>>> print(open('query.pdb').read())   # PDB, C-alpha atoms and all ligand atoms
ATOM      1  CA  MET A   1       7.443  19.714   0.212  1.00  0.00           C
ATOM      2  CA  SER A   2       9.228  19.062   3.473  1.00  0.00           C
ATOM      3  CA  THR A   3      12.950  19.729   3.935  1.00  0.00           C
ATOM      4  CA  ALA A   4      13.703  15.998   4.217  1.00  0.00           C
ATOM      5  CA  LYS A   5      15.391  14.343   1.251  1.00  0.00           C
ATOM      6  CA  PHE A   6      14.934  10.733   0.143  1.00  0.00           C
ATOM      7  CA  SER A   7      18.727  10.386   0.258  1.00  0.00           C
ATOM      8  CA  SER A   8      18.581  10.920   4.036  1.00  0.00           C
ATOM      9  CA  LEU A   9      16.471   7.775   4.518  1.00  0.00           C
ATOM     10  CA  ALA A  10      18.061   4.365   4.962  1.00  0.00           C
ATOM     11  CA  LEU A  11      16.823   3.025   1.612  1.00  0.00           C
ATOM     12  CA  LYS A  12      18.440   0.387  -0.557  1.00  0.00           C
ATOM     13  CA  PRO A  13      20.578   2.190  -3.168  1.00  0.00           C
ATOM     14  CA  ALA A  14      18.595   0.720  -6.095  1.00  0.00           C
ATOM     15  CA  LEU A  15      15.290   1.904  -4.609  1.00  0.00           C
ATOM     16  CA  LEU A  16      16.702   5.391  -3.984  1.00  0.00           C
ATOM     17  CA  GLU A  17      17.908   5.525  -7.580  1.00  0.00           C
ATOM     18  CA  ASN A  18      14.439   4.562  -8.809  1.00  0.00           C
ATOM     19  CA  ILE A  19      12.806   7.259  -6.685  1.00  0.00           C
ATOM     20  CA  GLU A  20      15.219   9.961  -7.797  1.00  0.00           C
ATOM     21  CA  SER A  21      14.774   8.934 -11.449  1.00  0.00           C
ATOM     22  CA  LEU A  22      11.119  10.003 -11.111  1.00  0.00           C
ATOM     23  CA  GLY A  23      12.269  13.478 -10.111  1.00  0.00           C
ATOM     24  CA  TYR A  24      11.305  12.986  -6.478  1.00  0.00           C
ATOM     25  CA  THR A  25      14.030  14.608  -4.371  1.00  0.00           C
ATOM     26  CA  HIS A  26      12.241  15.838  -1.254  1.00  0.00           C
ATOM     27  CA  LEU A  27       9.583  14.015   0.726  1.00  0.00           C
ATOM     28  CA  THR A  28       6.105  15.495   0.811  1.00  0.00           C
ATOM     29  CA  PRO A  29       4.939  16.366   4.354  1.00  0.00           C
ATOM     30  CA  ILE A  30       2.923  13.139   4.824  1.00  0.00           C
ATOM     31  CA  GLN A  31       5.857  11.100   3.509  1.00  0.00           C
ATOM     32  CA  ALA A  32       8.221  12.872   5.918  1.00  0.00           C
ATOM     33  CA  GLU A  33       5.888  12.135   8.837  1.00  0.00           C
ATOM     34  CA  SER A  34       5.070   8.541   7.963  1.00  0.00           C
ATOM     35  CA  LEU A  35       8.002   6.959   6.105  1.00  0.00           C
ATOM     36  CA  PRO A  36      10.515   6.785   8.967  1.00  0.00           C
ATOM     37  CA  HIS A  37       7.943   4.875  11.079  1.00  0.00           C
ATOM     38  CA  ILE A  38       6.967   2.679   8.134  1.00  0.00           C
ATOM     39  CA  LEU A  39      10.620   1.803   7.465  1.00  0.00           C
ATOM     40  CA  GLU A  40      11.034   0.946  11.159  1.00  0.00           C
ATOM     41  CA  GLY A  41       8.276  -1.616  10.739  1.00  0.00           C
ATOM     42  CA  ARG A  42       5.649   0.152  12.829  1.00  0.00           C
ATOM     43  CA  ASP A  43       1.948   0.076  12.059  1.00  0.00           C
ATOM     44  CA  VAL A  44       0.984   3.548  10.847  1.00  0.00           C
ATOM     45  CA  ILE A  45      -2.301   5.367  10.426  1.00  0.00           C
ATOM     46  CA  ALA A  46      -1.770   8.289   8.067  1.00  0.00           C
ATOM     47  CA  GLN A  47      -4.210  11.014   7.141  1.00  0.00           C
ATOM     48  CA  ALA A  48      -3.635  13.689   4.534  1.00  0.00           C
ATOM     49  CA  LYS A  49      -5.701  15.171   1.754  1.00  0.00           C
ATOM     50  CA  THR A  50      -5.841  13.768  -1.779  1.00  0.00           C
ATOM     51  CA  GLY A  51      -2.774  14.520  -3.866  1.00  0.00           C
ATOM     52  CA  SER A  52      -0.328  14.642  -0.965  1.00  0.00           C
ATOM     53  CA  GLY A  53       1.774  11.652  -1.998  1.00  0.00           C
ATOM     54  CA  LYS A  54       0.323   8.892   0.147  1.00  0.00           C
ATOM     55  CA  THR A  55       0.830   6.206  -2.527  1.00  0.00           C
ATOM     56  CA  ALA A  56       4.595   6.672  -2.609  1.00  0.00           C
ATOM     57  CA  ALA A  57       4.681   6.672   1.207  1.00  0.00           C
ATOM     58  CA  PHE A  58       3.350   3.119   1.445  1.00  0.00           C
ATOM     59  CA  GLY A  59       4.793   2.115  -1.945  1.00  0.00           C
ATOM     60  CA  ILE A  60       8.363   2.875  -0.875  1.00  0.00           C
ATOM     61  CA  GLY A  61       7.643   1.277   2.491  1.00  0.00           C
ATOM     62  CA  LEU A  62       6.474  -2.003   1.010  1.00  0.00           C
ATOM     63  CA  LEU A  63       9.121  -2.109  -1.733  1.00  0.00           C
ATOM     64  CA  SER A  64      11.850  -1.798   0.865  1.00  0.00           C
ATOM     65  CA  LYS A  65      10.514  -4.903   2.659  1.00  0.00           C
ATOM     66  CA  LEU A  66      10.376  -7.266  -0.322  1.00  0.00           C
ATOM     67  CA  ASP A  67      12.581 -10.305  -0.769  1.00  0.00           C
ATOM     68  CA  LEU A  68      12.639 -10.533  -4.558  1.00  0.00           C
ATOM     69  CA  ASN A  69      14.125 -14.030  -4.479  1.00  0.00           C
ATOM     70  CA  SER A  70      10.851 -15.331  -3.112  1.00  0.00           C
ATOM     71  CA  PHE A  71       7.948 -15.227  -5.572  1.00  0.00           C
ATOM     72  CA  ARG A  72       5.324 -15.263  -2.837  1.00  0.00           C
ATOM     73  CA  VAL A  73       2.885 -12.470  -2.113  1.00  0.00           C
ATOM     74  CA  GLN A  74       4.627 -10.321   0.487  1.00  0.00           C
ATOM     75  CA  ALA A  75       2.616  -7.108   0.240  1.00  0.00           C
ATOM     76  CA  MET A  76      -1.064  -6.449  -0.420  1.00  0.00           C
ATOM     77  CA  VAL A  77      -2.798  -3.119  -1.000  1.00  0.00           C
ATOM     78  CA  VAL A  78      -6.583  -3.009  -0.631  1.00  0.00           C
ATOM     79  CA  CYS A  79      -8.284  -0.155  -2.542  1.00  0.00           C
ATOM     80  CA  PRO A  80     -11.935   0.900  -2.849  1.00  0.00           C
ATOM     81  CA  THR A  81     -12.175   0.931  -6.669  1.00  0.00           C
ATOM     82  CA  ARG A  82     -10.599  -0.565  -9.746  1.00  0.00           C
ATOM     83  CA  GLU A  83      -9.453   2.870 -10.945  1.00  0.00           C
ATOM     84  CA  LEU A  84      -7.602   3.495  -7.690  1.00  0.00           C
ATOM     85  CA  ALA A  85      -6.098   0.018  -7.708  1.00  0.00           C
ATOM     86  CA  ASP A  86      -4.817   0.645 -11.252  1.00  0.00           C
ATOM     87  CA  GLN A  87      -3.288   3.982 -10.182  1.00  0.00           C
ATOM     88  CA  VAL A  88      -1.617   2.430  -7.142  1.00  0.00           C
ATOM     89  CA  CYS A  89      -0.275  -0.457  -9.210  1.00  0.00           C
ATOM     90  CA  LYS A  90       1.130   1.997 -11.764  1.00  0.00           C
ATOM     91  CA  GLU A  91       2.828   4.098  -9.094  1.00  0.00           C
ATOM     92  CA  ILE A  92       4.383   1.055  -7.400  1.00  0.00           C
ATOM     93  CA  ARG A  93       5.685  -0.147 -10.766  1.00  0.00           C
ATOM     94  CA  ARG A  94       7.104   3.332 -11.428  1.00  0.00           C
ATOM     95  CA  LEU A  95       8.832   3.333  -8.055  1.00  0.00           C
ATOM     96  CA  ALA A  96      10.355  -0.042  -8.948  1.00  0.00           C
ATOM     97  CA  ARG A  97      10.934   0.574 -12.640  1.00  0.00           C
ATOM     98  CA  PHE A  98      14.627  -0.322 -12.790  1.00  0.00           C
ATOM     99  CA  THR A  99      14.215  -3.299 -10.477  1.00  0.00           C
ATOM    100  CA  GLN A 100      14.409  -6.520 -12.459  1.00  0.00           C
ATOM    101  CA  ASN A 101      11.802  -9.221 -12.025  1.00  0.00           C
ATOM    102  CA  ILE A 102       9.471  -7.511  -9.625  1.00  0.00           C
ATOM    103  CA  LYS A 103       5.896  -8.641 -10.086  1.00  0.00           C
ATOM    104  CA  VAL A 104       3.047  -6.322  -9.125  1.00  0.00           C
ATOM    105  CA  LEU A 105      -0.445  -7.553  -9.999  1.00  0.00           C
ATOM    106  CA  THR A 106      -3.885  -5.937  -9.793  1.00  0.00           C
ATOM    107  CA  LEU A 107      -6.780  -8.124  -8.666  1.00  0.00           C
ATOM    108  CA  CYS A 108     -10.076  -6.385  -9.343  1.00  0.00           C
ATOM    109  CA  GLY A 109     -13.492  -7.455 -10.513  1.00  0.00           C
ATOM    110  CA  GLY A 110     -14.987  -6.806 -13.928  1.00  0.00           C
ATOM    111  CA  VAL A 111     -12.337  -8.879 -15.706  1.00  0.00           C
ATOM    112  CA  PRO A 112     -12.017 -12.672 -15.997  1.00  0.00           C
ATOM    113  CA  PHE A 113     -10.804 -14.601 -12.964  1.00  0.00           C
ATOM    114  CA  GLY A 114      -8.762 -17.255 -14.793  1.00  0.00           C
ATOM    115  CA  PRO A 115      -5.911 -15.077 -16.108  1.00  0.00           C
ATOM    116  CA  GLN A 116      -5.501 -13.539 -12.639  1.00  0.00           C
ATOM    117  CA  ARG A 117      -5.223 -17.020 -11.139  1.00  0.00           C
ATOM    118  CA  ALA A 118      -2.640 -17.940 -13.791  1.00  0.00           C
ATOM    119  CA  SER A 119      -0.580 -14.828 -12.999  1.00  0.00           C
ATOM    120  CA  LEU A 120      -0.706 -15.678  -9.299  1.00  0.00           C
ATOM    121  CA  GLU A 121       0.518 -19.195 -10.064  1.00  0.00           C
ATOM    122  CA  HIS A 122       3.522 -17.727 -11.882  1.00  0.00           C
ATOM    123  CA  GLY A 123       4.587 -15.891  -8.753  1.00  0.00           C
ATOM    124  CA  VAL A 124       3.864 -12.353  -7.599  1.00  0.00           C
ATOM    125  CA  HIS A 125       5.479 -10.101  -4.983  1.00  0.00           C
ATOM    126  CA  VAL A 126       2.783  -7.447  -4.571  1.00  0.00           C
ATOM    127  CA  VAL A 127      -0.975  -7.562  -5.145  1.00  0.00           C
ATOM    128  CA  VAL A 128      -3.207  -4.497  -5.377  1.00  0.00           C
ATOM    129  CA  GLY A 129      -6.918  -5.153  -5.418  1.00  0.00           C
ATOM    130  CA  THR A 130     -10.474  -4.420  -4.473  1.00  0.00           C
ATOM    131  CA  PRO A 131     -12.096  -6.239  -1.525  1.00  0.00           C
ATOM    132  CA  GLY A 132     -14.564  -8.412  -3.482  1.00  0.00           C
ATOM    133  CA  ARG A 133     -12.094  -9.922  -5.941  1.00  0.00           C
ATOM    134  CA  LEU A 134      -9.440 -10.388  -3.240  1.00  0.00           C
ATOM    135  CA  GLN A 135     -12.031 -12.264  -1.181  1.00  0.00           C
ATOM    136  CA  GLU A 136     -12.807 -14.484  -4.152  1.00  0.00           C
ATOM    137  CA  HIS A 137      -9.141 -15.388  -4.734  1.00  0.00           C
ATOM    138  CA  LEU A 138      -8.602 -16.035  -1.039  1.00  0.00           C
ATOM    139  CA  GLY A 139     -11.707 -18.206  -0.785  1.00  0.00           C
ATOM    140  CA  LYS A 140     -10.618 -20.273  -3.779  1.00  0.00           C
ATOM    141  CA  ARG A 141      -7.025 -20.501  -2.514  1.00  0.00           C
ATOM    142  CA  SER A 142      -5.582 -18.964  -5.676  1.00  0.00           C
ATOM    143  CA  LEU A 143      -4.203 -16.211  -3.411  1.00  0.00           C
ATOM    144  CA  ARG A 144      -2.305 -17.232  -0.291  1.00  0.00           C
ATOM    145  CA  LEU A 145      -1.073 -14.774   2.286  1.00  0.00           C
ATOM    146  CA  SER A 146       1.107 -16.952   4.508  1.00  0.00           C
ATOM    147  CA  ASN A 147       4.175 -14.886   3.472  1.00  0.00           C
ATOM    148  CA  LEU A 148       2.497 -11.492   3.736  1.00  0.00           C
ATOM    149  CA  LYS A 149       4.652  -8.887   5.495  1.00  0.00           C
ATOM    150  CA  VAL A 150       2.858  -5.634   4.697  1.00  0.00           C
ATOM    151  CA  LEU A 151      -0.873  -4.974   4.433  1.00  0.00           C
ATOM    152  CA  VAL A 152      -2.071  -1.560   3.235  1.00  0.00           C
ATOM    153  CA  LEU A 153      -5.607  -0.242   3.470  1.00  0.00           C
ATOM    154  CA  ASP A 154      -5.669   2.686   1.038  1.00  0.00           C
ATOM    155  CA  GLU A 155      -8.472   5.254   1.053  1.00  0.00           C
ATOM    156  CA  ALA A 156      -9.852   3.491   4.094  1.00  0.00           C
ATOM    157  CA  ASP A 157     -12.493   6.163   4.614  1.00  0.00           C
ATOM    158  CA  ARG A 158     -13.906   5.565   1.137  1.00  0.00           C
ATOM    159  CA  MET A 159     -13.890   1.807   1.636  1.00  0.00           C
ATOM    160  CA  LEU A 160     -15.978   2.247   4.792  1.00  0.00           C
ATOM    161  CA  ASP A 161     -18.348   4.648   2.997  1.00  0.00           C
ATOM    162  CA  MET A 162     -18.799   2.052   0.261  1.00  0.00           C
ATOM    163  CA  GLY A 163     -19.790  -0.619   2.793  1.00  0.00           C
ATOM    164  CA  PHE A 164     -16.657  -2.742   2.473  1.00  0.00           C
ATOM    165  CA  GLU A 165     -16.011  -3.260   6.183  1.00  0.00           C
ATOM    166  CA  GLU A 166     -17.213  -6.862   6.216  1.00  0.00           C
ATOM    167  CA  ALA A 167     -15.307  -7.768   3.063  1.00  0.00           C
ATOM    168  CA  ILE A 168     -12.122  -6.166   4.437  1.00  0.00           C
ATOM    169  CA  THR A 169     -12.521  -8.038   7.710  1.00  0.00           C
ATOM    170  CA  ASP A 170     -12.849 -11.275   5.773  1.00  0.00           C
ATOM    171  CA  VAL A 171      -9.787 -10.505   3.587  1.00  0.00           C
ATOM    172  CA  ILE A 172      -7.670  -9.667   6.632  1.00  0.00           C
ATOM    173  CA  SER A 173      -8.718 -12.894   8.356  1.00  0.00           C
ATOM    174  CA  TYR A 174      -6.490 -14.694   5.799  1.00  0.00           C
ATOM    175  CA  ALA A 175      -3.438 -12.566   6.653  1.00  0.00           C
ATOM    176  CA  PRO A 176      -0.834 -13.586   9.213  1.00  0.00           C
ATOM    177  CA  THR A 177      -1.117 -11.886  12.598  1.00  0.00           C
ATOM    178  CA  HIS A 178       2.568 -10.952  12.475  1.00  0.00           C
ATOM    179  CA  ARG A 179       2.466  -8.331   9.758  1.00  0.00           C
ATOM    180  CA  GLN A 180       2.785  -4.600   9.312  1.00  0.00           C
ATOM    181  CA  THR A 181      -0.549  -2.864   8.739  1.00  0.00           C
ATOM    182  CA  LEU A 182      -0.646   0.601   7.157  1.00  0.00           C
ATOM    183  CA  LEU A 183      -3.871   2.543   7.035  1.00  0.00           C
ATOM    184  CA  PHE A 184      -4.189   5.556   4.726  1.00  0.00           C
ATOM    185  CA  SER A 185      -7.115   7.914   4.630  1.00  0.00           C
ATOM    186  CA  ALA A 186      -8.029  11.405   3.458  1.00  0.00           C
ATOM    187  CA  THR A 187     -10.078  11.936   6.631  1.00  0.00           C
ATOM    188  CA  TYR A 188      -9.675  10.920  10.261  1.00  0.00           C
ATOM    189  CA  THR A 189     -13.021   9.958  11.751  1.00  0.00           C
ATOM    190  CA  ASP A 190     -14.351   7.674  14.493  1.00  0.00           C
ATOM    191  CA  PRO A 191     -14.989   4.754  12.088  1.00  0.00           C
ATOM    192  CA  ILE A 192     -11.363   5.060  10.887  1.00  0.00           C
ATOM    193  CA  ARG A 193     -10.136   4.966  14.488  1.00  0.00           C
ATOM    194  CA  GLU A 194     -12.289   1.875  15.025  1.00  0.00           C
ATOM    195  CA  ILE A 195     -10.880  -0.101  12.106  1.00  0.00           C
ATOM    196  CA  SER A 196      -7.399   0.945  13.174  1.00  0.00           C
ATOM    197  CA  GLN A 197      -8.083  -0.571  16.604  1.00  0.00           C
ATOM    198  CA  LYS A 198      -9.402  -3.697  14.964  1.00  0.00           C
ATOM    199  CA  PHE A 199      -6.532  -4.346  12.564  1.00  0.00           C
ATOM    200  CA  GLN A 200      -3.441  -2.505  13.812  1.00  0.00           C
ATOM    201  CA  PHE A 201      -0.982  -3.058  16.626  1.00  0.00           C
ATOM    202  CA  LYS A 202       0.187   0.010  18.562  1.00  0.00           C
ATOM    203  CA  PRO A 203      -0.100   2.256  15.500  1.00  0.00           C
ATOM    204  CA  VAL A 204       1.741   5.531  15.114  1.00  0.00           C
ATOM    205  CA  SER A 205      -0.758   8.153  14.043  1.00  0.00           C
ATOM    206  CA  VAL A 206       0.336  10.904  11.647  1.00  0.00           C
ATOM    207  CA  SER A 207      -1.807  13.625  10.222  1.00  0.00           C
ATOM    208  CA  ILE A 208      -1.190  16.593   7.952  1.00  0.00           C
ATOM    209  CA  GLU A 209      -3.669  19.349   8.655  1.00  0.00           C
ATOM    210  CA  THR A 210      -5.072  21.151   5.664  1.00  0.00           C
ATOM    211  CA  SER A 211      -4.498  24.895   5.975  1.00  0.00           C
ATOM    212  CA  HIS A 212      -7.097  27.179   4.486  1.00  0.00           C
TER     213      HIS A 212
HETATM  214  P1  LIG B   1      -2.640  10.775  -2.588  1.00  0.00           P
HETATM  215  O1  LIG B   1      -2.659   9.285  -2.535  1.00  0.00           O
HETATM  216  O2  LIG B   1      -2.222  11.391  -1.299  1.00  0.00           O
HETATM  217  O3  LIG B   1      -3.931  11.329  -3.107  1.00  0.00           O
HETATM  218  P2  LIG B   1      -0.767  10.455  -4.746  1.00  0.00           P
HETATM  219  O4  LIG B   1      -0.008   9.400  -4.101  1.00  0.00           O
HETATM  220  O5  LIG B   1      -1.692  10.091  -5.836  1.00  0.00           O
HETATM  221  O6  LIG B   1      -1.565  11.273  -3.635  1.00  0.00           O
HETATM  222  O7  LIG B   1       0.309  11.536  -5.257  1.00  0.00           O
HETATM  223  C1  LIG B   1      -0.025  12.695  -5.963  1.00  0.00           C
HETATM  224  C2  LIG B   1       1.073  13.049  -6.959  1.00  0.00           C
HETATM  225  O8  LIG B   1       2.281  13.428  -6.302  1.00  0.00           O
HETATM  226  C3  LIG B   1       1.457  11.913  -7.882  1.00  0.00           C
HETATM  227  O9  LIG B   1       1.433  12.394  -9.205  1.00  0.00           O
HETATM  228  C4  LIG B   1       2.881  11.535  -7.482  1.00  0.00           C
HETATM  229  O10 LIG B   1       3.628  11.118  -8.609  1.00  0.00           O
HETATM  230  C5  LIG B   1       3.409  12.828  -6.909  1.00  0.00           C
HETATM  231  N1  LIG B   1       4.451  12.657  -5.849  1.00  0.00           N
HETATM  232  C6  LIG B   1       4.397  11.815  -4.784  1.00  0.00           C
HETATM  233  N2  LIG B   1       5.475  11.954  -3.992  1.00  0.00           N
HETATM  234  C7  LIG B   1       6.242  12.910  -4.550  1.00  0.00           C
HETATM  235  C8  LIG B   1       7.503  13.529  -4.180  1.00  0.00           C
HETATM  236  N3  LIG B   1       8.142  13.173  -3.063  1.00  0.00           N
HETATM  237  N4  LIG B   1       7.990  14.482  -4.994  1.00  0.00           N
HETATM  238  C9  LIG B   1       7.320  14.847  -6.104  1.00  0.00           C
HETATM  239  N5  LIG B   1       6.131  14.337  -6.509  1.00  0.00           N
HETATM  240  C10 LIG B   1       5.589  13.377  -5.748  1.00  0.00           C
HETATM  241 MG    MG B   2      -4.181   7.889  -2.669  1.00  0.00          MG
END
>>> encode(input="query.pdb", output="structure tokens")
Amino acid sequence: MSTAKFSSLALKPALLENIESLGYTHLTPIQAESLPHILEGRDVIAQAKTGSGKTAAFGIGLLSKLDLNSFRVQAMVVCPTRELADQVCKEIRRLARFTQNIKVLTLCGGVPFGPQRASLEHGVHVVVGTPGRLQEHLGKRSLRLSNLKVLVLDEADRMLDMGFEEAITDVISYAPTHRQTLLFSATYTDPIREISQKFQFKPVSVSIETSH
């Protein structure tokens, strides 16, 4: 843990209460490095090993940007696998658990398309999905991103390893240019730097070195 406390951040009181109800008092090192920039609205590229609390870093960041009166998609998290998308969705819901009427939806393949389209029609604030199914919803106009404020690429290194670069590029082509783009990765390699250059604007780069 770092020495920084969540109560020292300029968070909405309800969000802070949610976070503290999970037993999170202090920020993990990657959260301490990235969250202040994320809350300022900067694009951030963040690298830290698995298990370091990256989900809450972008989860708190995107939750603090939502206008819950508007049932439009305002934040989208792109993940490499269905399992990871489910985990991210669960963590975002946990971080928002006492917030009334917040809709977080997973959009992954392997399950029928129709119910997902119906959920989208009912109004959703946050979508978490895998590149292929997101592409499908965007192509069929069941998912619209004109109100998107925050785009997160989670486990970006794994998505590149899995050959998702083209699909991600296509998904992002539907997003507004004026948005915040957050890129999270367990490793910091040349291909990661390249996609950062492609999709981010003047990103702040933060990295937590693993000590052996
Ligand atoms: P990563 O994405 O970096 O692999 P996760 O986001 O999955 O890591 O977080 C790992 C674990 O740490 C989760 O169980 C999460 O609930 C917990 N966690 C995250 N932030 C905090 C915090 N500030 N204090 C305590 N536990 C935390
Ligand atoms: Mg993660």
>>> closest_atom_pairs(input="query.pdb", of="chain A", to="ligand MG 2 (chain B)", cutoff="9 Å", atoms="all atoms listed in the file", output="JSON lines")
{"residue": "A:Lys49", "atom": "CA", "partner": "B:MG2", "partner_atom": "MG", "distance": 8.7}
{"residue": "A:Thr50", "atom": "CA", "partner": "B:MG2", "partner_atom": "MG", "distance": 6.2}
{"residue": "A:Gly51", "atom": "CA", "partner": "B:MG2", "partner_atom": "MG", "distance": 6.9}
{"residue": "A:Ser52", "atom": "CA", "partner": "B:MG2", "partner_atom": "MG", "distance": 8.0}
{"residue": "A:Gly53", "atom": "CA", "partner": "B:MG2", "partner_atom": "MG", "distance": 7.1}
{"residue": "A:Lys54", "atom": "CA", "partner": "B:MG2", "partner_atom": "MG", "distance": 5.4}
{"residue": "A:Thr55", "atom": "CA", "partner": "B:MG2", "partner_atom": "MG", "distance": 5.3}
{"residue": "A:Ala56", "atom": "CA", "partner": "B:MG2", "partner_atom": "MG", "distance": 8.9}
{"residue": "A:Leu84", "atom": "CA", "partner": "B:MG2", "partner_atom": "MG", "distance": 7.5}
{"residue": "A:Gln87", "atom": "CA", "partner": "B:MG2", "partner_atom": "MG", "distance": 8.5}
{"residue": "A:Val88", "atom": "CA", "partner": "B:MG2", "partner_atom": "MG", "distance": 7.5}
{"residue": "A:Asp154", "atom": "CA", "partner": "B:MG2", "partner_atom": "MG", "distance": 6.6}
{"residue": "A:Glu155", "atom": "CA", "partner": "B:MG2", "partner_atom": "MG", "distance": 6.3}
{"residue": "A:Phe184", "atom": "CA", "partner": "B:MG2", "partner_atom": "MG", "distance": 7.8}
{"residue": "A:Ser185", "atom": "CA", "partner": "B:MG2", "partner_atom": "MG", "distance": 7.9}
{"residue": "A:Ala186", "atom": "CA", "partner": "B:MG2", "partner_atom": "MG", "distance": 8.0}
>>> resolve_selection(input="query.pdb", expression="the PyMOL selection byres (((chain A and resi 166-176) around 10) and not hetatm)", output="PyMOL selection string")
chain A and resi 76+78-79+130-139+143-151+153+156+159-160+163-165+177-180+195+198-199
>>> write_last_selection(input="query.pdb", atoms="C-alpha atoms", output="PDB file, in the coordinates of the input")
ATOM      1  CA  MET A  76      -1.064  -6.449  -0.420  1.00  0.00           C
ATOM      2  CA  VAL A  78      -6.583  -3.009  -0.631  1.00  0.00           C
ATOM      3  CA  CYS A  79      -8.284  -0.155  -2.542  1.00  0.00           C
ATOM      4  CA  THR A 130     -10.474  -4.420  -4.473  1.00  0.00           C
ATOM      5  CA  PRO A 131     -12.096  -6.239  -1.525  1.00  0.00           C
ATOM      6  CA  GLY A 132     -14.564  -8.412  -3.482  1.00  0.00           C
ATOM      7  CA  ARG A 133     -12.094  -9.922  -5.941  1.00  0.00           C
ATOM      8  CA  LEU A 134      -9.440 -10.388  -3.240  1.00  0.00           C
ATOM      9  CA  GLN A 135     -12.031 -12.264  -1.181  1.00  0.00           C
ATOM     10  CA  GLU A 136     -12.807 -14.484  -4.152  1.00  0.00           C
ATOM     11  CA  HIS A 137      -9.141 -15.388  -4.734  1.00  0.00           C
ATOM     12  CA  LEU A 138      -8.602 -16.035  -1.039  1.00  0.00           C
ATOM     13  CA  GLY A 139     -11.707 -18.206  -0.785  1.00  0.00           C
ATOM     14  CA  LEU A 143      -4.203 -16.211  -3.411  1.00  0.00           C
ATOM     15  CA  ARG A 144      -2.305 -17.232  -0.291  1.00  0.00           C
ATOM     16  CA  LEU A 145      -1.073 -14.774   2.286  1.00  0.00           C
ATOM     17  CA  SER A 146       1.107 -16.952   4.508  1.00  0.00           C
ATOM     18  CA  ASN A 147       4.175 -14.886   3.472  1.00  0.00           C
ATOM     19  CA  LEU A 148       2.497 -11.492   3.736  1.00  0.00           C
ATOM     20  CA  LYS A 149       4.652  -8.887   5.495  1.00  0.00           C
ATOM     21  CA  VAL A 150       2.858  -5.634   4.697  1.00  0.00           C
ATOM     22  CA  LEU A 151      -0.873  -4.974   4.433  1.00  0.00           C
ATOM     23  CA  LEU A 153      -5.607  -0.242   3.470  1.00  0.00           C
ATOM     24  CA  ALA A 156      -9.852   3.491   4.094  1.00  0.00           C
ATOM     25  CA  MET A 159     -13.890   1.807   1.636  1.00  0.00           C
ATOM     26  CA  LEU A 160     -15.978   2.247   4.792  1.00  0.00           C
ATOM     27  CA  GLY A 163     -19.790  -0.619   2.793  1.00  0.00           C
ATOM     28  CA  PHE A 164     -16.657  -2.742   2.473  1.00  0.00           C
ATOM     29  CA  GLU A 165     -16.011  -3.260   6.183  1.00  0.00           C
ATOM     30  CA  THR A 177      -1.117 -11.886  12.598  1.00  0.00           C
ATOM     31  CA  HIS A 178       2.568 -10.952  12.475  1.00  0.00           C
ATOM     32  CA  ARG A 179       2.466  -8.331   9.758  1.00  0.00           C
ATOM     33  CA  GLN A 180       2.785  -4.600   9.312  1.00  0.00           C
ATOM     34  CA  ILE A 195     -10.880  -0.101  12.106  1.00  0.00           C
ATOM     35  CA  LYS A 198      -9.402  -3.697  14.964  1.00  0.00           C
ATOM     36  CA  PHE A 199      -6.532  -4.346  12.564  1.00  0.00           C
TER      37      PHE A 199
END
>>> closest_residue(input="query.pdb", among="A:Val204, A:Leu183, A:Ile102, A:Leu107", to="ligand LIG 1 (chain B)", atoms="all atoms listed in the file")
A:Leu183
>>> closest_residue(input="query.pdb", among="A:Thr210, A:Ser205, A:Thr187, A:Asn69", to="Ala46 of chain A", atoms="all atoms listed in the file")
A:Ser205
>>> closest_residue(input="query.pdb", among="A:Ile30, A:Leu182, A:Ala57, A:Cys89", to="Lys103 of chain A", atoms="only C-alpha atoms")
A:Cys89
>>> decode(input="query.pdb", residues="segment 192-200 of chain A", atoms="N, CA and C atoms", output="short mmCIF file (atom, residue, chain, number, x, y, z; two decimals), in the first residue's frame")
data_model
loop_
_atom_site.label_atom_id
_atom_site.label_comp_id
_atom_site.auth_asym_id
_atom_site.auth_seq_id
_atom_site.Cartn_x
_atom_site.Cartn_y
_atom_site.Cartn_z
N ILE A 192 3.01 -1.68 -26.93
CA ILE A 192 2.13 -0.92 -26.02
C ILE A 192 2.35 0.57 -26.25
N ARG A 193 3.60 0.97 -26.36
CA ARG A 193 3.91 2.39 -26.63
C ARG A 193 3.28 2.82 -27.96
N GLU A 194 3.29 1.90 -28.93
CA GLU A 194 2.71 2.23 -30.24
C GLU A 194 1.20 2.42 -30.18
N ILE A 195 0.49 1.54 -29.46
CA ILE A 195 -0.96 1.75 -29.43
C ILE A 195 -1.30 2.97 -28.58
N SER A 196 -0.46 3.26 -27.60
CA SER A 196 -0.67 4.50 -26.83
C SER A 196 -0.58 5.70 -27.77
N GLN A 197 0.44 5.71 -28.61
CA GLN A 197 0.59 6.83 -29.57
C GLN A 197 -0.58 6.94 -30.51
N LYS A 198 -1.14 5.79 -30.84
CA LYS A 198 -2.24 5.75 -31.80
C LYS A 198 -3.55 6.27 -31.20
N PHE A 199 -3.78 5.96 -29.92
CA PHE A 199 -5.11 6.22 -29.36
C PHE A 199 -5.15 7.25 -28.24
N GLN A 200 -3.99 7.68 -27.74
CA GLN A 200 -4.01 8.59 -26.59
C GLN A 200 -3.47 9.96 -26.96
#
